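Written below as structure tokens is the structure these notes are about.
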Amino acid sequence: MKVRSDAIRKSARGQDCALRIPGHCNFDPETTVLAHVGKNIGMSMKCDDSFAVYACSACHDQIDSRTGVMDAGTRSQYILDALEETQNHLIQAGLISVKGKK
């Protein structure tokens, strides 16, 4: 069952971009969305909302290969760093819970 959460999706509104890809990031929180970064099986077949990052429109276009080609290793590193930052924010906001969290 896919994890879908309006609260997680809405939490991206007004947040800083977690990807911050040099030469691409517009640093505009007004364009930030929850960008799904897992393996998509096709258009509109997104991964869980728990596997997504806060991304400005420009960085989202970059990781989705709409505005250029980024090598897989570099893309993966940006995504992993942003995923850690985004999930930490979601945990601190109480939108994702971790048993035994201290």
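Ordering of the structure tokens sets the chain letters (A, B, ...); residue numbers start at 1 within each chain; ligands are numbered from 1 in the order shown.
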
For Ser97 (chain A), please output as a compact mmCIF listing (two decimals) with N, CA and C atoms, in the first residue's frame all residues within 12 Å (counting only C-alpha atoms; exclusion window: fewer than 6 positions along the same chain).
```txt
# COMPACT_ATOMS: atom_id res chain seq x y z
N SER A 50 6.68 9.28 1.71
CA SER A 50 7.77 9.22 2.69
C SER A 50 9.15 9.15 2.01
N GLN A 87 13.47 14.29 5.57
CA GLN A 87 12.90 13.37 6.55
C GLN A 87 13.14 13.87 7.97
N ASN A 88 14.28 14.46 8.24
CA ASN A 88 14.53 15.03 9.56
C ASN A 88 13.51 16.12 9.86
N HIS A 89 13.23 16.97 8.88
CA HIS A 89 12.23 18.02 9.06
C HIS A 89 10.86 17.41 9.34
N LEU A 90 10.49 16.37 8.61
CA LEU A 90 9.19 15.72 8.79
C LEU A 90 9.08 15.05 10.16
N ILE A 91 10.17 14.48 10.65
CA ILE A 91 10.18 13.87 11.98
C ILE A 91 10.03 14.96 13.04
```

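Backbone DSSP over chain A gives strand (DSSP E) for Val33, Leu34, Ala35, His36, Ala52, Val53, Tyr54 and Ala55 of chain A.
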
Dump all heavy atoms for the selected residues as an mmCIF file, in the first residue's frame?
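Saved to selection.cif:
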```cif
data_model
loop_
_atom_site.group_PDB
_atom_site.id
_atom_site.type_symbol
_atom_site.label_atom_id
_atom_site.label_comp_id
_atom_site.auth_asym_id
_atom_site.auth_seq_id
_atom_site.Cartn_x
_atom_site.Cartn_y
_atom_site.Cartn_z
ATOM 1 N N VAL A 33 8.087 22.208 -3.724
ATOM 2 C CA VAL A 33 7.075 21.154 -3.697
ATOM 3 C C VAL A 33 7.707 19.903 -3.107
ATOM 4 O O VAL A 33 8.921 19.823 -2.933
ATOM 5 C CB VAL A 33 6.534 20.830 -5.115
ATOM 6 C CG1 VAL A 33 5.821 22.026 -5.713
ATOM 7 C CG2 VAL A 33 7.652 20.340 -6.023
ATOM 8 N N LEU A 34 6.881 18.911 -2.821
ATOM 9 C CA LEU A 34 7.374 17.612 -2.389
ATOM 10 C C LEU A 34 7.664 16.808 -3.652
ATOM 11 O O LEU A 34 6.749 16.420 -4.377
ATOM 12 C CB LEU A 34 6.339 16.903 -1.520
ATOM 13 C CG LEU A 34 6.839 15.630 -0.855
ATOM 14 C CD1 LEU A 34 7.812 15.963 0.273
ATOM 15 C CD2 LEU A 34 5.674 14.811 -0.323
ATOM 16 N N ALA A 35 8.939 16.594 -3.946
ATOM 17 C CA ALA A 35 9.352 15.893 -5.171
ATOM 18 C C ALA A 35 9.648 14.433 -4.851
ATOM 19 O O ALA A 35 10.499 14.135 -4.023
ATOM 20 C CB ALA A 35 10.592 16.560 -5.758
ATOM 21 N N HIS A 36 8.931 13.548 -5.506
ATOM 22 C CA HIS A 36 9.127 12.110 -5.310
ATOM 23 C C HIS A 36 10.389 11.683 -6.047
ATOM 24 O O HIS A 36 10.565 11.998 -7.215
ATOM 25 C CB HIS A 36 7.902 11.349 -5.808
ATOM 26 C CG HIS A 36 6.687 11.671 -5.010
ATOM 27 N ND1 HIS A 36 5.915 12.785 -5.262
ATOM 28 C CD2 HIS A 36 6.146 11.051 -3.937
ATOM 29 C CE1 HIS A 36 4.932 12.823 -4.371
ATOM 30 N NE2 HIS A 36 5.046 11.794 -3.556
ATOM 31 N N ALA A 52 10.431 11.277 -0.504
ATOM 32 C CA ALA A 52 10.366 12.480 -1.325
ATOM 33 C C ALA A 52 11.154 13.584 -0.634
ATOM 34 O O ALA A 52 11.443 13.495 0.559
ATOM 35 C CB ALA A 52 8.906 12.888 -1.517
ATOM 36 N N VAL A 53 11.496 14.599 -1.395
ATOM 37 C CA VAL A 53 12.315 15.692 -0.865
ATOM 38 C C VAL A 53 11.659 17.032 -1.163
ATOM 39 O O VAL A 53 10.881 17.165 -2.099
ATOM 40 C CB VAL A 53 13.743 15.685 -1.454
ATOM 41 C CG1 VAL A 53 14.447 14.376 -1.141
ATOM 42 C CG2 VAL A 53 13.751 15.957 -2.947
ATOM 43 N N TYR A 54 12.011 18.036 -0.359
ATOM 44 C CA TYR A 54 11.598 19.398 -0.651
ATOM 45 C C TYR A 54 12.483 19.901 -1.796
ATOM 46 O O TYR A 54 13.709 19.895 -1.680
ATOM 47 C CB TYR A 54 11.780 20.304 0.559
ATOM 48 C CG TYR A 54 10.872 19.990 1.735
ATOM 49 C CD1 TYR A 54 11.252 20.333 3.013
ATOM 50 C CD2 TYR A 54 9.638 19.369 1.569
ATOM 51 C CE1 TYR A 54 10.438 20.084 4.104
ATOM 52 C CE2 TYR A 54 8.808 19.113 2.650
ATOM 53 C CZ TYR A 54 9.212 19.468 3.916
ATOM 54 O OH TYR A 54 8.404 19.219 4.989
ATOM 55 N N ALA A 55 11.856 20.316 -2.883
ATOM 56 C CA ALA A 55 12.617 20.750 -4.051
ATOM 57 C C ALA A 55 11.987 21.985 -4.686
ATOM 58 O O ALA A 55 10.768 22.032 -4.879
ATOM 59 C CB ALA A 55 12.676 19.632 -5.088
#
```

Nearest to Ala12 (chain A) among A:Cys56, A:Ile63, A:Leu83, A:Val69, with distances taken over only C-alpha atoms: which residue is it? A:Cys56

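Here the question is which of A:Asp71, A:Asp64, A:Asp49, A:Asp81 gets nearest to Cys17 (chain A) using only C-alpha atoms, and that residue is A:Asp81.
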
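The smallest atom-to-atom distance between Ala18 (chain A) and any of A:Lys99, A:Arg4, A:His60, A:Lys46, using only C-alpha atoms, is found for A:His60.
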